[in-house]
Every structure is written in C-alpha cells, then in structure tokens.
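K.L.:
Please read through the structure below; I'll follow up with questions.
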Amino acid sequence: MSLPFLPLKPASTSGALDDPNVVASIVEHVAAGDVTEACRLAVHWCGLTNDRRAQCNANSGLLWRQLTGAVFPTARAPTPVWLGSNLSRPQDSVGKEWFYYLCQQIKAMKERREDYAYAKRAYDEAYSLYEYDADGDLDLWYRRRDDWIMDQRKLARLEMKVREVGHEYPQDVAERKSLLENIAALTNLMQDTMTTMPGKKVWVLAMRMRFQVEQEHVAYLFQFPKPEIEPTQAKANEAWSRQRRDMNARLQRQFGNQVTEERESARRFAVHRDRADPREAELTALVRTAEALLDTTPMNVTYTSTDNAEQAELRSALYDLKYSRYIGRTLRTYPEAINPKKAALERALAPLSD
C-alpha cells in the first residue's frame, strides 16, 4: 500500500525529526512522493550534528537499513561485487554507504536520460530530417548491431543443441568457429564505424549507450520485473549487455570528462542566473515541482514507458524547458523562447497538482 505524500522542507525538519525513532517513518512518507527528497532529507538529518550522526550509526546500522527499506523497498541487499574490500567493514558503515550508493544511482540515472535527450535534441536542431543520417553510418551501426545479436543467438542455440545431444560433430565445431569469427569481426566493425562518424552522431550514440547501460544497472539494483524470454534470447541479451558495457567504457573514456565539464558549467551558470534574476529562481522552483511529481519511484526514473498520458506530457514540457535553460537561454535573453515553454509546463502541471 502506498503512503500519502508528506512534503517536507529543510526548515521543518528541526521539530519531529529531533526524535530519531520517527525518522524512518517520515522518510517513508517522503519517499512515497519523491525519492530524491527522501535521500536529501535522510542525509541532511543524519549529518546535521555529531549527536545525530551517532544516532544514525548506532545499533549496527539499523536505521540505515530501515531508511533503505523505506525509500527503496525493492532494492537488493549490498551486492558482493559492490562490497568488494568492504566485506570486513562494520555493518553500520556498509548500510550507510549502500543507502548513499542507491541514492547516487537514482541521480545518475536521471542525468544519463537527460544527457541523451539533450544530445539528440541538439543534433535534431543542427540537422534537417534528411541530414540526420545522410551518410548512413548510424543506420549501418544499428544493422551491424542486429547482425551481432543474431549471431549470438545462433551460437546460443548451437551450444544448447550440443548439450542436449551430448556430442559435438565436426560441423558443430565449424559453425562455432564461423560464428565466433563473425561476432569478433562485427564488434570491430561497430567500433570502426563509431571512429569514422561525425562527432555529433557519436555524441548521440555515446549518450544513448550510457543511458542504456545505466538503465540496466538500476533495473538490477531495484529488481524490476522483466518479461519471460526463451533461453537463447536471454543468452544473446546477456552477451549484448556485456558488449554494450565494454563499448560504454570506451565511450566514457572518450567523452566522460566532457560530459562532466558541461554539466558543471551548466550548474554554475544556473546558480548565477537564479541569483541575478528572481524570475529565474521562480522558474527553477517550478521545474523542481514538476520533477518531484515525475520522479516517484526508481522505475519511473528509469523507464519513460511507465508514464501515463499526463506524466508523459509533463515530462515532455519539462525537458523542453530544461533543455533551453541548459544551453544558456534565459528570460532576459530569450523571453520569446522561454515564456511559451514555461506556460506549457504550467499547463502540464495543472492536472497533476490538484
């Protein structure tokens, strides 16, 4: 049963929240409406004073486990891969760090999705529909990707057949060799295609890959239900996920610093903009209201397909406005661009704010 949304502001956390026994309950209410606010509130309360830090870390990290269960009810326990050398650390430290990690993944997921939306929007604005893939290299990359997945499925079916028969015939050996060679060749061709693509296309592809990889990771952390698929399809998907992770690591090395620098530059500009113009600060508050209504669960943060019609309209209006602000447009410099987007966001907010 979902709990009602209980909006809390930082100034209101000094009363009831002085009692550590009610922290988990209040955070649970906040989580029902806004995961990001729940994370902020928990970290704010537990880090405010030395006494509160001691209370949060007492009882072998019980409070952090309660917070994790309240804010992220479907989340996995700390995984061995994540724990690594932390396995021998005190349970209170592990519980706290795991809660922080889950909060950070939600934030990263939102940023990855926005990065992809912004990159594609910038490319769409720079090129006409015909020019979008005039050279055919994006189409070529996706066709090679589809051939890669098809060969992975053939390889999975071959291995299932050999296991069932209990014997490998010479033609099976030859087929496996051919498939492995094709898979390796297609892998190299996909990477070569990315090397020769125009920079803006690679940027769109890079942001899409980052988004998809982060999406898979968050789905694993929060145990989202997945449709049943046949074994060879599952094996091909697993192999493709590994391939995407490898390719994403390459793209991350190539573009990671640039993405981080652009986001930090946009953040600094936003702080200056809001301080200089009260109208911009009000617009930022409007944006945050919209974000709180959308980001209700990890699944909603991850999969746009979970939006209903009203949420989809709100997300579209929100991204439209945020993109304009992200590229430096303001109410002072581009009122003709910002004001219609503000009005569209207010219209989209109205049915969800009642």
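Just so we're on the same page: first chain in the structure tokens is A, next is B, and so on; residues restart at 1 for each chain, and ligands are numbered from 1 in the order they show up.
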Neighbouring residues of Ala249 in chain A were defined as those with any atom within 12 Å, considering only C-alpha atoms; residues of the same chain fewer than 6 positions away were excluded. Please report them as a list of chain:residue names.
P.N.:
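Everything that qualifies: A:Ala206, A:Met207, A:Met209, A:Arg210, A:Val213, A:Glu214, A:Arg242, A:Gln243, A:Phe255, A:Gly256.
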K.L.:
Got a sec: who's within 9 Å of range 326-328 of chain A, counting only C-alpha atoms, leaving out chain neighbours fewer than 4 positions off, as a PyMOL selection string?
P.N.:
chain A and resi 118+263+266-267+269-270+321-322
K.L.:
Keeping only C-alpha atoms, write the selected residues to a file as an mmCIF file, in the first residue's frame.
P.N.:
```cif
data_model
loop_
_atom_site.group_PDB
_atom_site.id
_atom_site.type_symbol
_atom_site.label_atom_id
_atom_site.label_comp_id
_atom_site.auth_asym_id
_atom_site.auth_seq_id
_atom_site.Cartn_x
_atom_site.Cartn_y
_atom_site.Cartn_z
ATOM 1 C CA TYR A 118 19.754 16.875 -24.748
ATOM 2 C CA ARG A 263 27.173 19.643 -16.552
ATOM 3 C CA ALA A 266 25.590 24.467 -16.664
ATOM 4 C CA ARG A 267 25.251 24.109 -12.874
ATOM 5 C CA PHE A 269 25.558 29.184 -14.784
ATOM 6 C CA ALA A 270 22.214 28.165 -13.218
ATOM 7 C CA LEU A 321 12.159 23.970 -20.841
ATOM 8 C CA LYS A 322 15.204 22.418 -19.139
#
```
K.L.:
So that I can see what lies close to Gln311 in chain A, please list as a list in words the residues with an atom at most 9 Å from it, counting only C-alpha atoms and leaving out residues fewer than 5 positions away in the same chain.
P.N.:
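Everything that qualifies: Leu293, Leu294, Thr306, Ser316, Ala348, Leu349 and Leu352 of chain A.
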K.L.:
Take the residues just selected and output them with N, CA and C atoms as an mmCIF file, in the first residue's frame.
P.N.:
```cif
data_model
loop_
_atom_site.group_PDB
_atom_site.id
_atom_site.type_symbol
_atom_site.label_atom_id
_atom_site.label_comp_id
_atom_site.auth_asym_id
_atom_site.auth_seq_id
_atom_site.Cartn_x
_atom_site.Cartn_y
_atom_site.Cartn_z
ATOM 1 N N LEU A 293 6.960 15.544 -9.078
ATOM 2 C CA LEU A 293 5.769 14.803 -9.479
ATOM 3 C C LEU A 293 6.105 13.636 -10.398
ATOM 4 N N LEU A 294 7.218 13.716 -11.107
ATOM 5 C CA LEU A 294 7.590 12.649 -12.036
ATOM 6 C C LEU A 294 8.433 11.570 -11.364
ATOM 7 N N THR A 306 6.787 3.943 -18.220
ATOM 8 C CA THR A 306 5.890 3.825 -17.070
ATOM 9 C C THR A 306 5.023 5.074 -16.894
ATOM 10 N N SER A 316 7.619 15.809 -21.230
ATOM 11 C CA SER A 316 7.982 16.461 -22.482
ATOM 12 C C SER A 316 8.128 17.971 -22.289
ATOM 13 N N ALA A 348 0.826 21.625 -18.223
ATOM 14 C CA ALA A 348 1.015 20.190 -17.989
ATOM 15 C C ALA A 348 0.987 19.854 -16.499
ATOM 16 N N LEU A 349 1.402 20.811 -15.668
ATOM 17 C CA LEU A 349 1.412 20.591 -14.221
ATOM 18 C C LEU A 349 0.014 20.601 -13.622
ATOM 19 N N LEU A 352 -1.916 17.417 -12.578
ATOM 20 C CA LEU A 352 -1.224 16.579 -11.610
ATOM 21 C C LEU A 352 -1.048 17.253 -10.261
#
```
K.L.:
From the list A:Leu158, A:Glu282, A:Trp141, A:Leu41, which residue is nearest Gln171 in chain A when using only C-alpha atoms?
P.N.:
A:Leu158
K.L.:
Can you pull out the residues contacting Pro335 in chain A? Cut-off 12 Å, using only C-alpha atoms, and skip same-chain residues under 6 positions away; I want them as a VMD selection string.
P.N.:
chain A and resid 279 to 280 321 324 to 325 329 341 to 343
K.L.:
Just write the chosen residues, C-alpha atoms, as an mmCIF file, in the first residue's frame.
P.N.:
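In the end it all went to result.cif:
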```
data_model
loop_
_atom_site.group_PDB
_atom_site.id
_atom_site.type_symbol
_atom_site.label_atom_id
_atom_site.label_comp_id
_atom_site.auth_asym_id
_atom_site.auth_seq_id
_atom_site.Cartn_x
_atom_site.Cartn_y
_atom_site.Cartn_z
ATOM 1 C CA ARG A 279 12.064 35.373 -12.106
ATOM 2 C CA GLU A 280 14.610 32.664 -12.894
ATOM 3 C CA LEU A 321 12.159 23.970 -20.841
ATOM 4 C CA SER A 324 16.533 25.654 -23.338
ATOM 5 C CA ARG A 325 17.958 26.633 -19.971
ATOM 6 C CA ARG A 329 18.775 30.704 -22.708
ATOM 7 C CA LYS A 341 7.801 26.733 -22.586
ATOM 8 C CA LYS A 342 7.034 27.981 -19.085
ATOM 9 C CA ALA A 343 3.341 28.276 -19.991
#
```
